[in-house]
Structure formats: structure tokens, C-alpha cells
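Q: Take a look at this one; I'll ask things after.
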Amino acid sequence: MLSGILGMFGFSVIAGILVTVMVTPALAVTGVTASNGIGIFDSLPEFIEIGKQPQRNEIYVTDTTNPDGSAHYVPIAQVYSQNRQEVQWDGVSQFVKDATVAGEDRRFYEHGGVDLQGTIRAAIGNVSGGDTSGASTLSMQLVKNIYIQEALQQPTEEERKAGVAAAQAGTFDRKIKEMKLAIGLEKRYTKDEILLAYINIAGFGGNNYGIESAAQRYYGVSAKDVTLAQAASLIAIVQEPGARGLDSPENYPANQERRDVILKNMFVEKMIDQAQLDAALATPIDPTTVVLKPYTNGCVAAHPYATYFCDYITKLIPELDALGATPDERKANWKVGGYKLYTTLDLRVQTTAQDVLAAKAPAGETRFQLGAASTSVQVGTGRILTMAQNKTFNDTEAAIADPRLTAVNYNTDREYGGSRGFQVGSTYKLFTLLNWLKSGRGLNEVVDGNARTLSQSAFTNTCTGGEDGVNDGPFGGPWPFKNSSGEKGNRTVLAATAASINGAYASMGLQLDQCETKNIAKALGVHPANTMDNPETDRFENRLESNPSAILGTNAIAPLTMAAAYATIANHGVYCKPIAVDSVTNSDGEALPGQTRDCHQAIDPEVAATAAFALQNAMKGYAGNPKDGTAMMGKTGTTDDFDQTWLMSSSSAVTTAVWFGNIVNKYPISKYAGGLNNRHNIAKPININTNKYYPGGPFDQPSPRLVNGAGITLPSFVGGTVDNAKGIIEGIKLTYADGGQEESAQPAGVVTRTDPAEGTVMARGQTVTVFTSNGALKVMPDVVSAGLTYNDAAAQLASSGFVKVSKTCVALSSPTDPYIGKVISSNPTTGAVTRATDPVVLGVGAVNKSSC
């Protein structure tokens with residue numbers, strides 16, 4: 001209070017002095033009276049808040065668990081607009097405090113915010129033609145620095161420059177304003193609070209602000225641990241950071257000169273003794289004493305295993321509710337800094353993912369632009385556990401010339417990392433499968449698996465004409481497609497899923513509403529990675545397409561999106577939006593919530609369990625299956641040109657997406673070393689390691705109703721007429737197809753078989769191919785057991801249509817044998833099926849081989 005009173009008294013004296021001394025030249029020109037000049041003081045603002053200054057934000061990830069099972073966090077990145085780390089009073093060496101007072105304001109603890117002696121000296125300098133320098137106290141400098149910091153937070157470069165220039169202007173009105181506000185500071189804050197605020201706000205060269213960051217940058221120690229010589233050297237910077245900052249050896253002599261002045265002032269003020277002074281003065285400022293600690297700002301300097309995740313976190317800032325009420329407020333608060341973000345990334349599984357990607361997908365591949373990425377999410381929470389890719393993160397110009405570097409995050413959407421995603425191939429078949437099961441159809445139902453050409457207009461799409469415009473048709477013209485391995489024939493849906501047969505899924509799509517398939521995908525969080533639409537086209541690039549080819553995976557989607565969708569199947573049909581921030585701590589140490597878990601029931605649990613059963617059956621045959629005893633489900637995906645390959649795999653605890661393919665262009669991965677197995681070779685070690693730290697249990701049991709479905713059991717038509725078969729097939733809502741004639745022992749025109757065979761559970765609308773007999777085959781009659789003579793047997797065969805009958809003698813052991821002269825064998829044998837034109841040889845009993 002005494003300091004404030006003296007300050008106000010001093011200000012009254014100063015006002016009079018300044019009006020009569022400093023303002024006199026202006027009054028002579030303008031004619032303004034002294035009393036009007038004093039009125040100016042009364043109109044100036046009196047108070048200013050010290051407030052929070054920009055400082056570092058820190059991002060943390062887990063690397064293990066604590067004994068109590070909670071996550072153990074480690075810092076992986078610092079992100080800031082200004083390299084500042086505010087410290088408390090006890091976090092600053094007394095040498096720093098004393099050096100600041102000795103170097104910047106020796107009467108700091110004596111005045112009330114304005115140093116009368118210094119002001120008079122500056123006023124006399126003004127009268128003699130000088131400027132107002134030399135009058136600034138620490139409190140006044142703090143005011144100036146607060147205005148500079150406010151200027152630096154302005155949105156445009158032009159506004160920032162103008163604000164800084166105004167805060168540093170060597171003008172009378174600016175100095176007067178500083179004086180009044182400095183006195184206001186002294187009223188509201190203690191001397192120690194003002195000194196600490198100045199030490200935390202001052203610029204120390206480059207982007208270094210505050211004593212803690214400066215001490216770490218230039219001497220590699222904390223502000224509480226600096227030596228006397230280091231403390232004075234650091235404070236020597238604040239008056240002229242550009243000329244005395246320690247980033248450049250060229251500044252060392254100027255810094256040492258000012259440092260020595262400060263040290264001598266400290267001695268005069270009895271802050272140090274002679275021995276301390278001598279030792280400090282003898283300490284050189286050169287490369288042996290200045291230890292430049294590398295800057296750690298930004299994700300390019302983050303933990304090498306977490307750079308892309310770091311960048312993803314920075315892109316999430318506008319969405320973090322803990323940082324403010326609106327996106328703009330959140331970005332502004334992040335810029336001010338001081339936050340600690342505790343995130344979901346787990347280095348125990350991240351390091352394995354990153355290492356295997358680097359080994360299996362070399363970043364320097366020269367034949368084509370090879371990309372590979374992997375991301376894992378926790379089932380039931382959406383927490384992102386890994387985010388890795390084969391390229392090294394770099395958001396500087398260096399990435400332009402070096403193909404091993406990129407700032408594009410292949411795992412995320414465009415707005416979170418610049419990627420437009422990749423066609424997902426057959427991994428998208430999941431959504432047709434879910435639609436199939438949702439409609440009451442079953443896994444054991446049989447569909448046509450043949451490659452063929454279908455008319456796009458044959459597919460139902462109730463989205464046509466809706467808000468997504470041409471993305472939903474109407475579609476016309478032919479749609480030719482092939483099966484990657486040339487598969488033919490009918491398949492159960494279960495088998496078609498495991499073998500990823502395009503023809504079967506096209507057949508399923510013909511019976512479903514493509515709009516519903518699209519809506520199911522959207523319910524599982526699926527959307528194009530290109531979240532920014534191109535207004536120059538009539539197609540919405542940021543919305544899913546539902547054309548027939550989408551069944552086979554033509555939409556371009558991010559791995560993270562697909563991982564979250566597949567995790568829904570493992571989570572009983574509950575979709576959880578991916579999250580990356582568990583909790584937040586602000587600059588005051590206050591714990592704030594992270595991203596809210598956003599989960600909802602997207603599909604029926606019965607449908608999810610049955611889909612999981614089909615995906616488990618598929619995963620059994622994949623090389624990416626860890627086969628470590630953990631129940632796994634999965635689905636591969638390959639585009640028609642083999643330029644993109646995928647493997648989705650999941651336990652009941654963690655879902656992992658692996659993409660391996662072309663960043664641009666269409667080099668066939670099937671021709672690359674490892675071929676289509678690269679995705680499996682990447683996924684397997686990731687799954688093994690993930691299962692170790694996040695063990696999964698069994699999946700839910702499938703629904704018997706949805707395994708069998710509401711299909712039609714095909715009856716037998718063998719031996720019946722074609723008309724009868726066709727009538728029944730069409731009557732039970734199946735499609736009849738004529739398979740033509742085939743050789744058979746049945747009478748000509750009789751049904752010989754069907755494809756699929758009798759007893760097969762058929763999906764409605766599927767095709768049953770009926771084959772009929774051409775009557776060309778005969779059943780060999782029995783001409784042996786009746787003891788017929790050759791002539792009688794030959795006549796009987798001739799009456800049955802056999803035209804090439806001959807005999808051979810079969811010698812018997814006794815000339816009195818009753819079978820002499822009788823047929824005792826036939827070739828073909830009795831009951832054999834053969835053509836009527838094929839030779840028939842009858843064996844006739846005889847005394848010897850030449851006497852029959």
C-alpha cells in the first residue's frame with residue numbers, strides 16, 4: 001500500500017515535471033496548456049492484467065502401466081507459438097532475480113512503479129533533443145512486454161507488426177501510458193510477483209521467451225540451477241535480443257560485455273561478494289560454456305515413433321471442448337499454451353507397428369510410390385492405440401526433394417493429415433454382408449458366384465434422387481466384373497466371404513437395396529477420406545457412392561475409418577468414434593476431460609455376431625492370423641488393378657487396419673516382392689504384439705437363424721420332366737436355367753441333375769440350372785446269370801440297342817462242364833453305364849480257347 005501511495009505521489013510530481021519539461025516543446029507548437037496536458041493523464045487506463053503468456057503445450061502417450069494398472073505417460077512432443085515455460089518463484093535461481101534487478105532496475109524495490117530519478121534524467125534528455133529512454137522500470141517494461149504479447153496474438157501478420165511497433169514506439173504518449181499502468185501494477189501485485197512476471201515474459205532471442213526456456217536453450221539447465229555467470233549472461237540478452245542472443249557465436253562478445261556490467265552492478269548492490277564476481281568475470285562466453293539445446297518445437301521434433309500421431313493431435317485442437325467453447329477459442333487458447341494433452345497412443349504396440357512397416361515397405365522404393373500404413377483402435381472405446389506408416393514425418397521443405405519424407409498422414413482423413421484415402425477393395429463387402437443378414441438372409445444360403453456382366457439398372461437403390469445427387473444414380477449401362485482367382489459356380493455366402501468372390505457379392509447386391517448398404521456403412525462411421533468437396537464437379541467427393549461397383553470397394557476411405565467400422569462388429573454392433581485424447585491439464589494444473597467417448601448401437605447384436613462368425617471363418621485362411629490362441633476375425637481387400645491391398649483384422653479387444661499400396665498411380669502390388677502377402681506379413685507381428693498387451697476373448701455366438709437364413713431348400717427333380725422342374729423352381733421364387741442335355745442312362749429328356757444339387761439352401765432369386773438326358777448311355781443288362789447261349793445273349797443286347805457285340809472263348813477245366821457253350825462273363829459288366837456304340841465282349845465257356 002505504501003508503495004502504491006508513494007507511486008501516486010511520485011506520479012503527481014512527475015506529471016508536473018513532464019508537463020513543464022517534456023511537453024514544453026509540444027506546447028510551444030500546438031498551444032496546448034499544461035492543465036490540458038495533465039488532463040491527458042487522467043484519461044489514460046490505470047490497470048493492466050499480467051495474465052497468462054504463451055508457453056509450451058506438451059503431448060503425452062503411454063509407454064507402460066503403473067503398478068495400480070493405470071497408464072504411465074511420457075512426453076513425446078512440445079508444440080508452441082513461443083518457446084516459453086512459465087515457472088514459479090521457487091523455480092528461479094536467486095542469481096537470476098538479482099541479475100534482473102541489477103541489470104534492469106536497481107531501485108526496483110524502492111519505487112512505486114516509476115523511478116523518479118530515471119524519469120527526470122529522461123526528461124532532461126528530451127529537452128536536450130534526446131528520447132525518453134532510460135526511464136523504464138521493470139514494471140514499465142512488463143507493461144510494454146504485455147502489450148507486445150497481445151500484439152503477437154493478433155490474427156494477421158500486418159496486425160502483429162503494427163501492434164509490436166506501437167508497443168515499442170519511443171514516444172512520449174506511449175511512455176506516459178506505461179508509467180500509469182506500471183503504477184497500477186504495483187497496486188495490484190507484489191514486487192516479487194511483478195519481477196517473476198517480467199522474468200517469465202521477457203524475450204531472450206529467437207523464439208525463446210521466459211527464463212526457463214532461455215536457460216534450457218542456451219545452457220541446457222533449468223532456471224533454478226543456473227550459475228551466477230549464466231544468470232547474468234541470460235539477463236544481458238533482454239535489452240537487445242538480436243545483438244546479444246546466444247544462438248549465434250557472433251553475439252558472444254556483446255553478451256559478455258553486458259553480462260560483466262550486470263555482474264559489477266550486482267557486486268555494487270552487495271548481491272554477490274568479490275570472490276563470486278571474480279569467478280564469474282573469469283568465465284568465458286564461448287562454445288565451451290554455451291550449450292545450445294536443440295529446439296523441440298513441433299511434431300517434426302517429436303518422439304520418432306509418434307510424429308504422425310502428434311500431427312493428428314494438433315489437427316484435433318479445434319474439436320477439444322476442454323480448450324474452449326468454440327473452435328476459434330480453442331485455437332486461441334492452444335496458441336497461448338500451457339496445456340498437457342494425455343493421449344491414447346501406446347508406444348508398446350506403436351513401436352512394433354512402425355518397425356514392421358519400415359521393414360516391409362521401404363520408404364525409398366524407387367520403382368513406384370509405395371505407401372503403407374497401419375492403425376489400431378481399442379474395441380469398445382474407439383481409443384487410437386497406434387498410427388504408423390512407412391514414410392518419415394516432415395512438414396518442412398525438405399520433404400519436397402526427399403521421397404522418404406512426407407507430411408501426409410495416410411491413416412486419416414484429408415482435414416486431419418492431407419490424405420484422400422485409398423480404395424478399400426473387398427473390405428467394403430462387410431456392409432453388403434451386414435445388409436444381407438439384417439434382411440433375414442443367412443450365411444448358408446447359396447448364391448451365384450460366377451463372374452459376368454450385369455445391368456446396373458437391375459440394382460435397387462432407394463437413395464436415387466436424394467441429397468447426394470449423382471453419387472446415388474440413377475445408374476445405367478453394363479457392369480462387367482471378374483473374380484480375382486477365376487472362381488466359378490455357386491457358393492454359400494459363408495464360403496464366398498472367405499474366398500472374397502466378387503460374383504457372389506454381386507448376386508447378393510441384386511437382392512438388396514444399395515441405399516441401405518450405404519446407410520449401414522454410414523452408421524458404422526464410414527465416409528470418404530476426402531472430406532472437402534470439389535465444387536467444380538457434379539459429384540460429391542466427400543460423400544459415399546452407392547453405385548453397384550461400390551459393393552466391391554471403390555470408395556476411397558482412410559484406414560482409421562475402416563478400423564473403427566470393423567471394431568463395431570467385435571463390439572456387439574456398437575460403433576465408437578475414434579478418439580485420441582484421454583485427458584487435458586491446463587496451465588494452472590487443473591484436470592480437464594479429454595474427448596468424450598461417442599458410442600451408439602449401429603447394428604443389431606445378432607447381426608454383428610453372425611458377421612463376426614463369417615469373418616472368423618475368413619481369417620482362418622489368412623497368413624496375417626497370429627494363431628496365438630486369440631480368436632481373430634478379418635477380411636482382405638484388393639482393388640481390380642492390384643494397386644491397393646488391405647487387411648482388416650480384429651480380436652474382441654483391438655481392431656487393426658493395414659493398407660499396402662500405391663500413393664499415386666497403379667503399380668500392381670502382385671508383382672512387387674512379397675506380393676499380396678505383404679499386408680499379412682505386416683499385420684501378423686502387429687497382431688501378435690497387440691494381443692500380448694490387449695488380450696481378447698471369444699466373440700459372440702452367431703445366430704442360428706442368420707446362419708441358415710430364410711432360404712429355400714432345393715428339392716430333387718432327377719428322373720422327372722423338365723416342365724415339372726421348371727414349374728416348381730419358379731413357383732418357389734428361384735430362377736430356372738436350362739443346362740442342356742448330357743450323356744445319361746436316363747431316357748432322353750428326363751432330368752438328370754441340378755446345380756446346385758438337391759438339399760441346397762438357396763437364396764431367393766438365385767438360379768437353378770437343370771440338366772437333361774440325351775439318352776446316349778445304356779445300362780448293361782444281365783446276360784450272364786441266366787445261362788444264355790451267345791446267340792441268345794447277343795440278340796438280347798441287340799434289342800437293348802447295343803450294336804457291337806462279340807465273343808471270346810473262356811477255357812473250362814472239364815469237358816463235361818455245364819457252362820460249355822454258355823455266356824459266363826461280359827465286358828462291360830452287368831449294371832455298368834456305357835454308350836450303345838461301345839464294344840461289348842461276351843465270354844463263352846469252351847473246352848479250349850479256340851473251340852467256342
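Within each chain, counting starts at residue 1; across the C-alpha cells, chains are named A, B, ... in the order shown, with ligands numbered 1 upward in that order.
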Which residues are close to Gly765 (chain A), i.e. within 8 Å by only C-alpha atoms, leaving aside same-chain residues fewer than 2 positions away? Reply as a PyMOL selection string.
A: chain A and resi 511+733-735+763+767
Q: Write to file, as a short mmCIF file (atom, residue, chain, number, x, y, z; two decimals), in the first residue's frame, the residues of the selection just made, with all heavy atoms.
A:
```
data_model
loop_
_atom_site.label_atom_id
_atom_site.label_comp_id
_atom_site.auth_asym_id
_atom_site.auth_seq_id
_atom_site.Cartn_x
_atom_site.Cartn_y
_atom_site.Cartn_z
N GLN A 511 -30.18 -58.53 -54.68
CA GLN A 511 -31.35 -58.78 -53.83
C GLN A 511 -31.52 -57.74 -52.73
O GLN A 511 -32.46 -57.82 -51.94
CB GLN A 511 -31.23 -60.16 -53.19
CG GLN A 511 -31.15 -61.29 -54.20
CD GLN A 511 -31.08 -62.64 -53.51
OE1 GLN A 511 -32.01 -63.02 -52.79
NE2 GLN A 511 -29.99 -63.34 -53.71
N LYS A 733 -39.86 -69.13 -56.15
CA LYS A 733 -39.13 -67.86 -56.28
C LYS A 733 -37.65 -68.04 -56.57
O LYS A 733 -36.81 -67.22 -56.15
CB LYS A 733 -39.31 -67.00 -55.03
CG LYS A 733 -40.76 -66.78 -54.63
CD LYS A 733 -41.56 -66.10 -55.73
CE LYS A 733 -43.00 -65.83 -55.29
NZ LYS A 733 -43.82 -65.25 -56.38
N LEU A 734 -37.32 -69.10 -57.29
CA LEU A 734 -35.96 -69.27 -57.79
C LEU A 734 -35.98 -69.05 -59.30
O LEU A 734 -37.05 -68.96 -59.91
CB LEU A 734 -35.42 -70.65 -57.45
CG LEU A 734 -35.28 -70.96 -55.95
CD1 LEU A 734 -34.87 -72.41 -55.75
CD2 LEU A 734 -34.26 -70.03 -55.29
N THR A 735 -34.82 -68.97 -59.90
CA THR A 735 -34.73 -68.71 -61.33
C THR A 735 -34.31 -69.99 -62.06
O THR A 735 -33.31 -70.62 -61.69
CB THR A 735 -33.72 -67.59 -61.62
OG1 THR A 735 -34.13 -66.42 -60.96
CG2 THR A 735 -33.62 -67.32 -63.12
N ALA A 763 -30.82 -68.92 -51.80
CA ALA A 763 -31.38 -67.59 -51.60
C ALA A 763 -32.40 -67.31 -52.68
O ALA A 763 -32.25 -67.73 -53.82
CB ALA A 763 -30.27 -66.54 -51.65
N THR A 767 -30.29 -68.75 -59.21
CA THR A 767 -30.52 -69.58 -60.40
C THR A 767 -30.28 -71.06 -60.10
O THR A 767 -29.28 -71.43 -59.48
CB THR A 767 -29.61 -69.12 -61.55
OG1 THR A 767 -29.92 -67.76 -61.86
CG2 THR A 767 -29.80 -69.99 -62.78
#
```
Q: Show me, as a compact mmCIF listing (two decimals) with N, CA, C and O atoms, in the first residue's frame, the residues that have an atom within 8 Å of Pro668 (chain A) when counting only C-alpha atoms, minus same-chain residues fewer than 5 positions from it.
A:
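Full text of part02.txt as output:
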```
# COMPACT_ATOMS: atom_id res chain seq x y z
N ASP A 641 -7.11 -53.57 -60.07
CA ASP A 641 -5.79 -53.43 -60.68
C ASP A 641 -4.65 -53.85 -59.76
O ASP A 641 -3.47 -53.67 -60.10
N PHE A 642 -4.98 -54.37 -58.61
CA PHE A 642 -3.99 -54.82 -57.62
C PHE A 642 -3.09 -53.66 -57.15
O PHE A 642 -1.99 -53.90 -56.67
N ASP A 643 -3.58 -52.42 -57.27
CA ASP A 643 -2.75 -51.29 -56.86
C ASP A 643 -2.91 -50.96 -55.37
O ASP A 643 -2.06 -50.29 -54.80
```
Q: Kindly indicate which residue among A:Ala102, A:Ala167, A:Ala373, A:Leu246 lies nearest to Ile272 (chain A), using only C-alpha atoms for the distances.
A: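 Smallest distance to Ile272 (chain A) is found for A:Ala102.
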Q: When you look at region 716-724 of chain A with a cut-off of 6 Å (counting only C-alpha atoms), what residues show up, excluding the ones that are within fewer than 6 positions of it in the same chain? I need them as a list in words.
A: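 Surrounding residues, per the criterion: Val750, Val751, Thr752, Arg753 and Glu758 of chain A.
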Q: Kindly save the residues from that selection, with all heavy atoms included, as a short mmCIF file (atom, residue, chain, number, x, y, z; two decimals), in the first residue's frame.
A:
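Saved file part-v6.cif follows:
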```
data_model
loop_
_atom_site.label_atom_id
_atom_site.label_comp_id
_atom_site.auth_asym_id
_atom_site.auth_seq_id
_atom_site.Cartn_x
_atom_site.Cartn_y
_atom_site.Cartn_z
N VAL A 750 -35.28 -86.66 -69.79
CA VAL A 750 -35.53 -86.76 -68.36
C VAL A 750 -34.47 -85.95 -67.60
O VAL A 750 -33.31 -85.89 -68.00
CB VAL A 750 -35.52 -88.24 -67.91
CG1 VAL A 750 -35.54 -88.38 -66.41
CG2 VAL A 750 -36.71 -88.96 -68.53
N VAL A 751 -34.86 -85.31 -66.48
CA VAL A 751 -33.92 -84.53 -65.67
C VAL A 751 -32.89 -85.46 -65.04
O VAL A 751 -33.24 -86.47 -64.40
CB VAL A 751 -34.65 -83.75 -64.55
CG1 VAL A 751 -33.65 -83.04 -63.63
CG2 VAL A 751 -35.61 -82.74 -65.16
N THR A 752 -31.62 -85.11 -65.25
CA THR A 752 -30.54 -85.93 -64.70
C THR A 752 -29.94 -85.35 -63.42
O THR A 752 -29.56 -86.10 -62.51
CB THR A 752 -29.41 -86.06 -65.73
OG1 THR A 752 -28.98 -84.75 -66.13
CG2 THR A 752 -29.91 -86.82 -66.96
N ARG A 753 -29.88 -84.03 -63.32
CA ARG A 753 -29.31 -83.39 -62.12
C ARG A 753 -29.60 -81.89 -62.16
O ARG A 753 -30.04 -81.36 -63.20
CB ARG A 753 -27.80 -83.61 -62.02
CG ARG A 753 -27.01 -82.98 -63.15
CD ARG A 753 -25.52 -83.30 -63.03
NE ARG A 753 -24.77 -82.74 -64.16
CZ ARG A 753 -24.18 -81.53 -64.16
NH1 ARG A 753 -24.27 -80.76 -63.07
NH2 ARG A 753 -23.54 -81.10 -65.21
N GLU A 758 -29.73 -81.11 -55.08
CA GLU A 758 -30.87 -81.19 -54.16
C GLU A 758 -30.40 -81.06 -52.71
O GLU A 758 -29.29 -81.47 -52.35
CB GLU A 758 -31.60 -82.52 -54.34
CG GLU A 758 -30.76 -83.74 -54.01
CD GLU A 758 -31.55 -85.03 -54.16
OE1 GLU A 758 -32.28 -85.38 -53.22
OE2 GLU A 758 -31.41 -85.67 -55.23
#
```
Q: As a list in words, please: all residues of region 310-352 of chain A that backbone DSSP puts in alpha helix (DSSP H).
A: Cys310, Asp311, Tyr312, Ile313, Thr314, Lys315, Leu316, Pro327, Asp328, Glu329, Arg330, Lys331, Ala332, Asn333, Trp334, Lys335, Val336, Leu347, Arg348, Val349, Gln350, Thr351 and Thr352 of chain A
Q: Just checking: using only C-alpha atoms, which residue out of A:Tyr428, A:Phe660, A:Tyr312, A:Tyr252 ends up closest to Leu345 (chain A)?
A: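 Counting only C-alpha atoms, the residue closest to Leu345 (chain A) is A:Tyr312.
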Q: Name the residues in contact with Thr596 (chain A) at a cut-off of 9 Å, using only C-alpha atoms, excluding same-chain residues fewer than 2 positions from it; report them as number ranges by chain.
A: A: 321, 579, 581-582, 593-594, 598
Q: Please produce a file of the residues just selected, as a compact mmCIF listing (two decimals), in the first residue's frame, where the atoms kept are N, CA and C atoms.
A:
```txt
# COMPACT_ATOMS: atom_id res chain seq x y z
N ASP A 321 -13.20 -29.84 -26.55
CA ASP A 321 -14.06 -28.99 -25.73
C ASP A 321 -13.34 -28.40 -24.52
N ILE A 579 -11.14 -41.79 -30.87
CA ILE A 579 -10.71 -40.68 -30.02
C ILE A 579 -9.22 -40.82 -29.76
N VAL A 581 -7.53 -38.30 -27.35
CA VAL A 581 -7.13 -37.55 -26.16
C VAL A 581 -7.94 -38.05 -24.97
N ASP A 582 -7.23 -38.61 -23.98
CA ASP A 582 -7.89 -39.13 -22.78
C ASP A 582 -8.21 -38.02 -21.80
N PRO A 593 -11.45 -32.78 -18.93
CA PRO A 593 -11.76 -34.01 -19.68
C PRO A 593 -11.14 -33.98 -21.07
N GLY A 594 -10.88 -35.16 -21.61
CA GLY A 594 -10.40 -35.29 -22.97
C GLY A 594 -11.58 -35.41 -23.92
N ASP A 598 -17.87 -41.44 -27.78
CA ASP A 598 -19.10 -41.28 -28.57
C ASP A 598 -19.43 -42.63 -29.19
```
